[in-house]
$ cat structure.tsv   # TSV, C-alpha atoms and all ligand atoms
chain	number	residue	atom	x	y	z
A	1	MET	CA	9.41	7.70	11.79
A	2	ASN	CA	10.05	10.31	9.12
A	3	ILE	CA	11.43	10.47	5.57
A	4	ASN	CA	15.00	11.04	6.76
A	5	LYS	CA	14.95	7.95	8.96
A	6	ILE	CA	13.43	5.93	6.12
A	7	MET	CA	16.12	7.08	3.68
A	8	LYS	CA	18.89	6.32	6.21
A	9	MET	CA	17.69	2.73	6.53
A	10	LYS	CA	18.99	1.97	3.04
A	11	GLY	CA	21.85	-0.51	3.23
A	12	LYS	CA	21.48	-0.85	7.03
A	13	GLU	CA	18.08	-2.28	7.85
A	14	LYS	CA	15.26	-3.58	5.69
A	15	ILE	CA	12.18	-1.36	5.53
A	16	VAL	CA	8.86	-3.02	6.34
A	17	MET	CA	5.72	-1.60	4.78
A	18	VAL	CA	2.20	-3.03	4.92
A	19	THR	CA	-1.13	-1.76	3.66
A	20	ALA	CA	-3.98	-1.00	6.02
A	21	TYR	CA	-7.46	0.20	5.15
A	22	ASP	CA	-9.31	0.60	8.42
A	23	THR	CA	-8.87	1.17	12.14
A	24	PRO	CA	-8.39	-2.46	13.27
A	25	SER	CA	-5.82	-3.30	10.57
A	26	ALA	CA	-3.99	-0.03	11.33
A	27	LYS	CA	-3.93	-0.90	15.05
A	28	ILE	CA	-2.43	-4.28	14.26
A	29	ALA	CA	0.17	-2.76	11.91
A	30	GLU	CA	1.20	-0.15	14.46
A	31	LYS	CA	1.40	-2.69	17.27
A	32	ALA	CA	3.54	-4.97	15.07
A	33	GLY	CA	5.92	-2.05	14.66
A	34	VAL	CA	6.04	-1.84	10.87
A	35	ASP	CA	8.05	1.10	9.52
A	36	ILE	CA	5.44	2.42	7.06
A	37	ILE	CA	1.69	1.94	6.70
A	38	LEU	CA	0.36	2.35	3.16
A	39	VAL	CA	-3.26	3.24	2.63
A	40	GLY	CA	-3.14	1.68	-0.82
A	41	ASP	CA	-5.69	2.17	-3.55
A	42	SER	CA	-5.72	-1.64	-3.45
A	43	LEU	CA	-8.51	-0.65	-1.04
A	44	GLY	CA	-10.61	-1.13	-4.20
A	45	ASN	CA	-9.98	-4.84	-4.65
A	46	ASN	CA	-9.24	-5.80	-1.04
A	47	VAL	CA	-12.04	-4.04	0.79
A	48	LEU	CA	-14.56	-2.42	-1.54
A	49	GLY	CA	-15.18	-5.37	-3.82
A	50	TYR	CA	-14.03	-3.75	-7.07
A	51	SER	CA	-12.11	-5.96	-9.50
A	52	ASP	CA	-9.23	-3.45	-9.75
A	53	THR	CA	-8.07	-0.08	-8.40
A	54	MET	CA	-9.50	2.07	-11.20
A	55	PRO	CA	-12.85	3.00	-9.60
A	56	VAL	CA	-11.35	4.15	-6.27
A	57	THR	CA	-12.07	7.84	-5.59
A	58	MET	CA	-10.47	10.53	-3.42
A	59	GLN	CA	-13.56	10.42	-1.18
A	60	GLU	CA	-13.18	6.68	-0.58
A	61	MET	CA	-9.45	7.04	0.05
A	62	LEU	CA	-10.08	9.84	2.55
A	63	ILE	CA	-12.61	7.85	4.58
A	64	HIS	CA	-10.15	4.97	4.87
A	65	LEU	CA	-7.08	7.17	5.43
A	66	ARG	CA	-8.78	8.86	8.38
A	67	ALA	CA	-9.81	5.47	9.79
A	68	VAL	CA	-6.21	4.24	9.48
A	69	ARG	CA	-4.85	7.36	11.18
A	70	ARG	CA	-7.26	6.86	14.09
A	71	GLY	CA	-6.00	3.29	14.47
A	72	ALA	CA	-2.32	4.17	14.07
A	73	PRO	CA	-1.82	7.60	15.63
A	74	ASN	CA	1.98	7.25	15.80
A	75	SER	CA	2.81	5.60	12.48
A	76	PHE	CA	4.27	6.98	9.26
A	77	ILE	CA	1.38	6.79	6.80
A	78	VAL	CA	1.61	6.99	3.01
A	79	ALA	CA	-1.62	7.48	1.04
A	80	ASP	CA	-2.03	6.33	-2.55
A	81	MET	CA	-3.27	8.90	-5.02
A	82	PRO	CA	-6.10	7.10	-6.84
A	83	PHE	CA	-6.64	6.95	-10.60
A	84	LEU	CA	-7.52	10.39	-12.06
A	85	SER	CA	-6.73	12.25	-8.85
A	86	TYR	CA	-3.39	13.32	-10.38
A	87	GLY	CA	-1.77	13.78	-13.75
A	88	HIS	CA	-4.46	15.53	-15.74
A	89	SER	CA	-4.09	18.94	-14.10
A	90	GLU	CA	-1.19	20.14	-11.98
A	91	GLU	CA	-3.44	22.27	-9.82
A	92	GLU	CA	-5.87	19.42	-9.10
A	93	SER	CA	-3.04	16.96	-8.47
A	94	ILE	CA	-1.31	19.17	-5.93
A	95	LYS	CA	-4.58	20.00	-4.22
A	96	ASN	CA	-5.50	16.33	-3.92
A	97	ALA	CA	-2.07	15.44	-2.54
A	98	GLY	CA	-2.35	18.27	-0.02
A	99	ILE	CA	-5.80	17.07	1.06
A	100	PHE	CA	-4.22	13.72	2.00
A	101	LEU	CA	-1.71	15.46	4.24
A	102	LYS	CA	-4.50	17.49	5.85
A	103	ASN	CA	-6.29	14.19	6.59
A	104	GLY	CA	-3.49	12.36	8.35
A	105	ALA	CA	-1.03	11.17	5.69
A	106	ASN	CA	2.68	11.89	6.05
A	107	ALA	CA	3.37	11.39	2.34
A	108	VAL	CA	1.61	10.42	-0.89
A	109	LYS	CA	2.45	7.75	-3.45
A	110	LEU	CA	1.77	8.02	-7.14
A	111	GLU	CA	2.27	5.56	-9.98
A	112	GLY	CA	4.38	6.45	-12.99
A	113	GLY	CA	7.72	7.59	-14.29
A	114	LYS	CA	9.57	10.72	-15.25
A	115	VAL	CA	6.55	12.35	-16.94
A	116	PHE	CA	5.53	13.22	-13.38
A	117	GLY	CA	8.94	14.75	-12.55
A	118	ASN	CA	7.82	18.38	-12.52
A	119	LEU	CA	4.63	17.57	-10.66
A	120	ILE	CA	6.59	15.69	-7.99
A	121	LYS	CA	9.05	18.59	-7.62
A	122	LYS	CA	6.17	21.01	-7.16
A	123	MET	CA	4.52	18.79	-4.55
A	124	ILE	CA	7.77	18.52	-2.60
A	125	SER	CA	8.35	22.27	-2.85
A	126	ILE	CA	5.09	22.95	-1.05
A	127	GLY	CA	5.75	20.33	1.64
A	128	ILE	CA	4.32	17.09	0.34
A	129	PRO	CA	6.76	14.13	0.43
A	130	VAL	CA	6.28	11.74	-2.50
A	131	MET	CA	6.93	8.02	-2.84
A	132	GLY	CA	7.34	6.72	-6.40
A	133	HIS	CA	5.92	3.51	-7.87
A	134	LEU	CA	7.28	1.75	-10.97
A	135	GLY	CA	6.95	-1.68	-12.54
A	136	LEU	CA	3.51	-3.15	-12.71
A	137	THR	CA	1.44	-0.10	-11.88
A	138	PRO	CA	-2.15	-1.35	-11.56
A	139	GLN	CA	-3.74	1.96	-12.59
A	140	SER	CA	-2.23	1.38	-16.06
A	141	LEU	CA	-3.77	-2.09	-16.30
A	142	ASN	CA	-5.62	-1.14	-19.47
A	143	VAL	CA	-2.47	0.21	-21.12
A	144	PHE	CA	-0.39	-2.82	-20.11
A	145	GLY	CA	-3.18	-5.15	-21.30
A	146	GLY	CA	-3.00	-7.31	-18.17
A	147	TYR	CA	-0.93	-7.87	-15.05
A	148	LYS	CA	2.51	-8.77	-16.39
A	149	VAL	CA	5.90	-9.07	-14.74
A	150	GLN	CA	8.04	-6.08	-15.76
A	151	GLY	CA	11.70	-5.81	-16.75
A	152	LYS	CA	11.93	-8.92	-18.90
A	153	THR	CA	12.83	-7.24	-22.19
A	154	LYS	CA	15.77	-4.92	-22.84
A	155	ALA	CA	13.36	-2.03	-23.50
A	156	SER	CA	11.45	-2.66	-20.28
A	157	ARG	CA	14.65	-2.95	-18.25
A	158	GLU	CA	15.97	0.32	-19.69
A	159	TYR	CA	12.63	2.07	-19.12
A	160	LEU	CA	12.62	1.01	-15.47
A	161	ILE	CA	16.23	1.93	-14.74
A	162	ASN	CA	16.01	5.26	-16.54
A	163	ASN	CA	12.73	6.24	-14.89
A	164	ALA	CA	13.90	5.15	-11.44
A	165	ILE	CA	16.91	7.45	-11.79
A	166	GLU	CA	14.74	10.33	-13.01
A	167	LEU	CA	12.26	9.83	-10.16
A	168	GLU	CA	15.11	9.99	-7.66
A	169	LYS	CA	16.26	13.24	-9.31
A	170	SER	CA	12.78	14.72	-8.95
A	171	GLY	CA	13.01	14.08	-5.23
A	172	VAL	CA	10.97	11.02	-4.29
A	173	PHE	CA	12.13	9.74	-0.88
A	174	SER	CA	11.65	6.09	-1.81
A	175	LEU	CA	10.41	3.97	-4.68
A	176	VAL	CA	8.03	1.02	-4.81
A	177	LEU	CA	8.93	-1.62	-7.42
A	178	GLU	CA	6.02	-3.92	-8.19
A	179	MET	CA	6.37	-7.22	-10.04
A	180	VAL	CA	9.81	-6.48	-11.47
A	181	ILE	CA	12.21	-9.34	-12.19
A	182	GLU	CA	14.74	-9.73	-9.39
A	183	GLU	CA	17.84	-8.85	-11.43
A	184	VAL	CA	16.40	-5.52	-12.57
A	185	ALA	CA	15.07	-4.60	-9.10
A	186	LYS	CA	18.56	-5.37	-7.74
A	187	GLU	CA	20.22	-3.20	-10.36
A	188	ILE	CA	17.85	-0.30	-9.61
A	189	THR	CA	18.41	-0.72	-5.87
A	190	GLU	CA	22.18	-0.52	-6.39
A	191	LYS	CA	21.96	2.50	-8.71
A	192	LEU	CA	19.73	4.62	-6.46
A	193	SER	CA	20.62	6.32	-3.21
A	194	ILE	CA	16.98	6.32	-2.07
A	195	PRO	CA	15.47	3.06	-0.78
A	196	THR	CA	13.50	0.75	-3.04
A	197	ILE	CA	10.53	-1.11	-1.55
A	198	GLY	CA	9.57	-4.22	-3.46
A	199	ILE	CA	6.43	-6.27	-3.94
A	200	GLY	CA	7.09	-9.17	-6.23
A	201	ALA	CA	10.46	-7.56	-6.96
A	202	GLY	CA	12.76	-10.11	-5.37
A	203	ARG	CA	15.07	-10.26	-2.41
A	204	PHE	CA	17.42	-7.35	-2.98
A	205	CYS	CA	15.16	-4.31	-2.55
A	206	ASP	CA	15.78	-2.12	0.50
A	207	GLY	CA	12.37	-2.99	1.86
A	208	GLN	CA	9.27	-5.06	1.24
A	209	VAL	CA	5.58	-4.23	1.08
A	210	LEU	CA	2.67	-6.64	1.25
A	211	VAL	CA	-1.07	-6.24	1.27
A	212	PHE	CA	-2.58	-6.76	4.75
A	213	HIS	CA	-5.30	-9.07	3.41
A	214	ASP	CA	-2.71	-11.29	1.70
A	215	ILE	CA	-0.59	-11.61	4.87
A	216	VAL	CA	-3.56	-12.58	7.03
A	217	GLY	CA	-5.29	-14.69	4.40
A	218	LEU	CA	-8.49	-12.73	3.99
A	219	ASN	CA	-8.50	-13.13	0.25
A	220	PRO	CA	-9.44	-16.77	-0.36
A	221	GLU	CA	-9.83	-16.53	-4.15
A	222	PHE	CA	-6.46	-15.01	-4.89
A	223	GLN	CA	-2.99	-15.75	-3.57
A	224	PRO	CA	-0.34	-13.91	-5.58
A	225	LYS	CA	2.92	-15.85	-6.00
A	226	PHE	CA	4.92	-12.96	-4.53
A	227	SER	CA	2.91	-12.71	-1.32
A	228	LYS	CA	2.87	-14.92	1.75
A	229	LYS	CA	-0.14	-15.97	3.79
A	230	TYR	CA	1.00	-16.10	7.43
A	231	VAL	CA	-2.40	-17.04	8.81
A	232	ASP	CA	-5.66	-18.27	7.30
A	233	SER	CA	-8.00	-15.64	8.75
A	234	PHE	CA	-10.75	-16.26	6.23
A	235	ASN	CA	-11.26	-19.82	7.40
A	236	MET	CA	-10.73	-18.89	11.05
A	237	MET	CA	-13.49	-16.30	10.76
A	238	LEU	CA	-15.68	-18.67	8.79
A	239	ASN	CA	-15.32	-21.28	11.55
A	240	ALA	CA	-16.20	-18.68	14.18
A	241	LEU	CA	-19.36	-17.64	12.35
A	242	GLU	CA	-20.42	-21.21	11.71
A	243	LYS	CA	-19.98	-21.95	15.41
A	244	TYR	CA	-21.97	-18.86	16.37
A	245	LYS	CA	-24.77	-19.87	14.00
A	246	GLN	CA	-24.83	-23.39	15.42
A	247	GLU	CA	-24.90	-22.14	19.02
A	248	VAL	CA	-27.83	-19.80	18.39
A	249	LYS	CA	-29.75	-22.51	16.54
A	250	ASN	CA	-29.04	-25.00	19.35
A	251	GLU	CA	-29.80	-22.43	22.09
A	252	VAL	CA	-26.26	-22.65	23.50
A	253	PHE	CA	-25.66	-18.92	22.97
A	254	PRO	CA	-26.46	-16.70	24.80
A	255	SER	CA	-25.63	-18.60	27.97
A	256	GLU	CA	-26.04	-17.33	31.52
A	257	HIS	CA	-22.70	-15.46	31.20
A	258	ASN	CA	-24.14	-13.25	28.49
A	259	ILE	CA	-27.40	-12.14	30.10
A	260	PHE	CA	-28.58	-9.26	32.29
A	261	ARG	CA	-30.79	-9.76	35.33
A	262	GLY	CA	-32.98	-7.36	37.21
A	263	GLY	CA	-32.81	-6.57	40.93
A	264	GLU	CA	-29.46	-6.29	42.76
B	301	LIG	O1	-2.19	-0.21	-3.35
B	301	LIG	C1	-1.28	-0.98	-2.95
B	301	LIG	O2	-1.50	-1.92	-2.18
B	301	LIG	C2	0.07	-0.71	-3.43
B	301	LIG	C3	1.15	-1.66	-3.02
B	301	LIG	C4	0.99	-2.95	-3.72
B	301	LIG	C5	2.49	-1.09	-3.21
B	301	LIG	O3	0.27	0.23	-4.14
B	302	NA	NA	-1.55	1.20	-5.05

$ encode --input "structure.tsv" --output "structure tokens"
Amino acid sequence: MNINKIMKMKGKEKIVMVTAYDTPSAKIAEKAGVDIILVGDSLGNNVLGYSDTMPVTMQEMLIHLRAVRRGAPNSFIVADMPFLSYGHSEEESIKNAGIFLKNGANAVKLEGGKVFGNLIKKMISIGIPVMGHLGLTPQSLNVFGGYKVQGKTKASREYLINNAIELEKSGVFSLVLEMVIEEVAKEITEKLSIPTIGIGAGRFCDGQVLVFHDIVGLNPEFQPKFSKKYVDSFNMMLNALEKYKQEVKNEVFPSEHNIFRGGE
């Protein structure tokens, strides 16, 4: 997989993206044959126990990116630039993006609109492919004042369409649309020649992305409306651990299959 193949999928074949944060989830994603693995900064809430993505650092992202690359040696991997790793200084931003490529990413993703146009152009010019991200961008949670569906008002719709077009002009190879009303995501998808990848952005995007933990049901407290739980891993794992506990208490485990003997 590469950015040209991804871009050519638009209008022909839906693009499948899933997050992964560690070696086992990356192995599963690669074996399932997804088109793109995203090492999302949703690492913060799905794996590290933070309540949002804001605290996630470059160092944390790098540990998990490298683990994902080890689990998915042949996959196309996009790494999320975490809050404050880009935007404040061009030099720092480009350096951080480059560090991701040196550590196994094929591209980076950053949240935000046309204000990042020049930065994105510069990244691309030195060899760093960039994926855009518009709509509900969780790093701006404090500016939005909550997690709200985007594109409902005329101003919001115009902001999204205008910024999607500008991001395409700055060279992003694809664009994530998060929690955008279906009509607006459809309109953006039709206006752009690069693929859109939706999460909570309806049926008409060129691809879909979901969080690994939502798909496999590892997040028992929270089930976003836009996601789909295909298996209840949390309760499967809970049952396994309860059984293990019971078997140790009742001296059923270890059994004679699990022991070592001396002699021959
Ligand atoms: O971090 C993440 O999981 C993401 C996806 C929701 C697109 O950015
Ligand atoms: Na993210």

$ atom_distance --input "structure.tsv" --atom1 "CA of Lys186 (chain A)" --atom2 "atom C5 of ligand LIG 301 (chain B)"
17.2 Å

$ residues_around --input "structure.tsv" --residues "region 25-29 of chain A" --least-positions-apart "5" --cutoff "10 Å" --atoms "all atoms listed in the file" --output "list in words"
Met17, Val18, Thr19, Ala20, Val34, Asp35, Ile36, Ile37, Leu38, Val39, Leu65, Ala67, Val68, Arg69, Arg70, Gly71, Ala72, Pro73, Ser75, Ile77, Phe212 and His213 of chain A

$ residues_near_ligand --input "structure.tsv" --ligand "ligand NA 302 (chain B)" --cutoff "6 Å" --atoms "all atoms listed in the file" --output "count of residues only"
4

$ residues_around --input "structure.tsv" --residues "Leu101 (chain A)" --least-positions-apart "5" --cutoff "12 Å" --atoms "all atoms listed in the file" --output "NGL selection string"
:A and (62 or 65-66 or 69 or 76-81 or 94-96 or 106-109 or 123 or 126-130)

$ residues_near_point --input "structure.tsv" --point "(7.9, 10.8, -16.9)" --cutoff "12 Å" --atoms "all atoms listed in the file" --output "ChimeraX atom specification"
/A:87,110-120,132-134,159-160,162-170

$ closest_residue --input "structure.tsv" --among "A:His64, A:Lys10, A:His257, A:Lys122" --to "Ser193 (chain A)" --atoms "all atoms listed in the file"
A:Lys10

$ closest_residue --input "structure.tsv" --among "A:Gly11, A:Gly146, A:Gly104, A:Gly151" --to "Thr189 (chain A)" --atoms "only C-alpha atoms"
A:Gly11

$ closest_residue --input "structure.tsv" --among "A:Tyr147, A:Phe83, A:Phe226, A:Tyr50" --to "Gly202 (chain A)" --atoms "all atoms listed in the file"
A:Phe226

$ residues_around --input "structure.tsv" --residues "Ala185 (chain A)" --least-positions-apart "6" --cutoff "12 Å" --atoms "all atoms listed in the file" --output "JSON, numbers by chain"
{"A": [134, 135, 149, 150, 151, 152, 156, 157, 158, 160, 161, 164, 175, 176, 177, 178, 179, 191, 192, 195, 196, 197, 198, 199, 200, 201, 202, 203, 204, 205, 206, 207, 208]}

$ residues_around --input "structure.tsv" --residues "Lys148 (chain A)" --least-positions-apart "3" --cutoff "9 Å" --atoms "all atoms listed in the file" --output "list in words"
Leu136, Phe144, Gly145 and Met179 of chain A

$ atom_distance --input "structure.tsv" --atom1 "CA of Gln139 (chain A)" --atom2 "CA of Val216 (chain A)"
24.4 Å

$ decode --input "structure.tsv" --residues "region 135-157 of chain A" --atoms "N, CA and C atoms" --output "compact mmCIF listing (two decimals), in the first residue's frame"
# COMPACT_ATOMS: atom_id res chain seq x y z
N GLY A 135 -13.61 18.43 11.12
CA GLY A 135 -14.86 18.06 11.78
C GLY A 135 -14.65 18.19 13.27
N LEU A 136 -15.07 17.17 14.00
CA LEU A 136 -14.80 17.20 15.42
C LEU A 136 -13.35 16.76 15.62
N THR A 137 -12.49 17.70 15.89
CA THR A 137 -11.08 17.40 16.09
C THR A 137 -10.82 17.44 17.60
N PRO A 138 -10.63 16.25 18.20
CA PRO A 138 -10.61 16.16 19.67
C PRO A 138 -9.56 17.03 20.36
N GLN A 139 -8.47 17.37 19.66
CA GLN A 139 -7.46 18.22 20.31
C GLN A 139 -7.99 19.63 20.55
N SER A 140 -9.08 20.00 19.86
CA SER A 140 -9.68 21.33 20.06
C SER A 140 -10.90 21.27 20.97
N LEU A 141 -11.00 20.18 21.72
CA LEU A 141 -12.11 19.97 22.65
C LEU A 141 -12.42 21.22 23.48
N ASN A 142 -11.36 21.85 23.98
CA ASN A 142 -11.57 23.00 24.87
C ASN A 142 -12.05 24.25 24.12
N VAL A 143 -11.73 24.31 22.82
CA VAL A 143 -12.21 25.43 22.00
C VAL A 143 -13.66 25.18 21.59
N PHE A 144 -13.95 23.93 21.22
CA PHE A 144 -15.32 23.57 20.84
C PHE A 144 -16.28 23.64 22.04
N GLY A 145 -15.74 23.42 23.25
CA GLY A 145 -16.58 23.37 24.44
C GLY A 145 -17.40 22.10 24.51
N GLY A 146 -16.82 21.00 24.06
CA GLY A 146 -17.50 19.69 24.14
C GLY A 146 -17.43 18.96 22.81
N TYR A 147 -17.81 17.71 22.84
CA TYR A 147 -17.81 16.89 21.61
C TYR A 147 -19.15 17.09 20.90
N LYS A 148 -19.14 17.88 19.84
CA LYS A 148 -20.39 18.18 19.14
C LYS A 148 -20.30 17.78 17.68
N VAL A 149 -21.41 17.31 17.14
CA VAL A 149 -21.49 16.99 15.72
C VAL A 149 -21.30 18.27 14.91
N GLN A 150 -20.47 18.19 13.87
CA GLN A 150 -20.11 19.38 13.08
C GLN A 150 -20.87 19.43 11.75
N GLY A 151 -21.05 20.64 11.26
CA GLY A 151 -21.66 20.84 9.94
C GLY A 151 -23.14 21.16 9.98
N LYS A 152 -23.66 21.37 11.20
CA LYS A 152 -25.11 21.58 11.32
C LYS A 152 -25.54 22.99 10.91
N THR A 153 -24.70 23.98 11.20
CA THR A 153 -25.08 25.35 10.83
C THR A 153 -24.48 25.71 9.47
N LYS A 154 -24.99 26.78 8.88
CA LYS A 154 -24.48 27.24 7.59
C LYS A 154 -23.00 27.60 7.71
N ALA A 155 -22.65 28.28 8.81
CA ALA A 155 -21.25 28.69 9.01
C ALA A 155 -20.34 27.47 9.14
N SER A 156 -20.80 26.48 9.89
CA SER A 156 -19.99 25.27 10.09
C SER A 156 -19.82 24.51 8.77
N ARG A 157 -20.92 24.39 8.02
CA ARG A 157 -20.87 23.71 6.73
C ARG A 157 -19.87 24.41 5.80
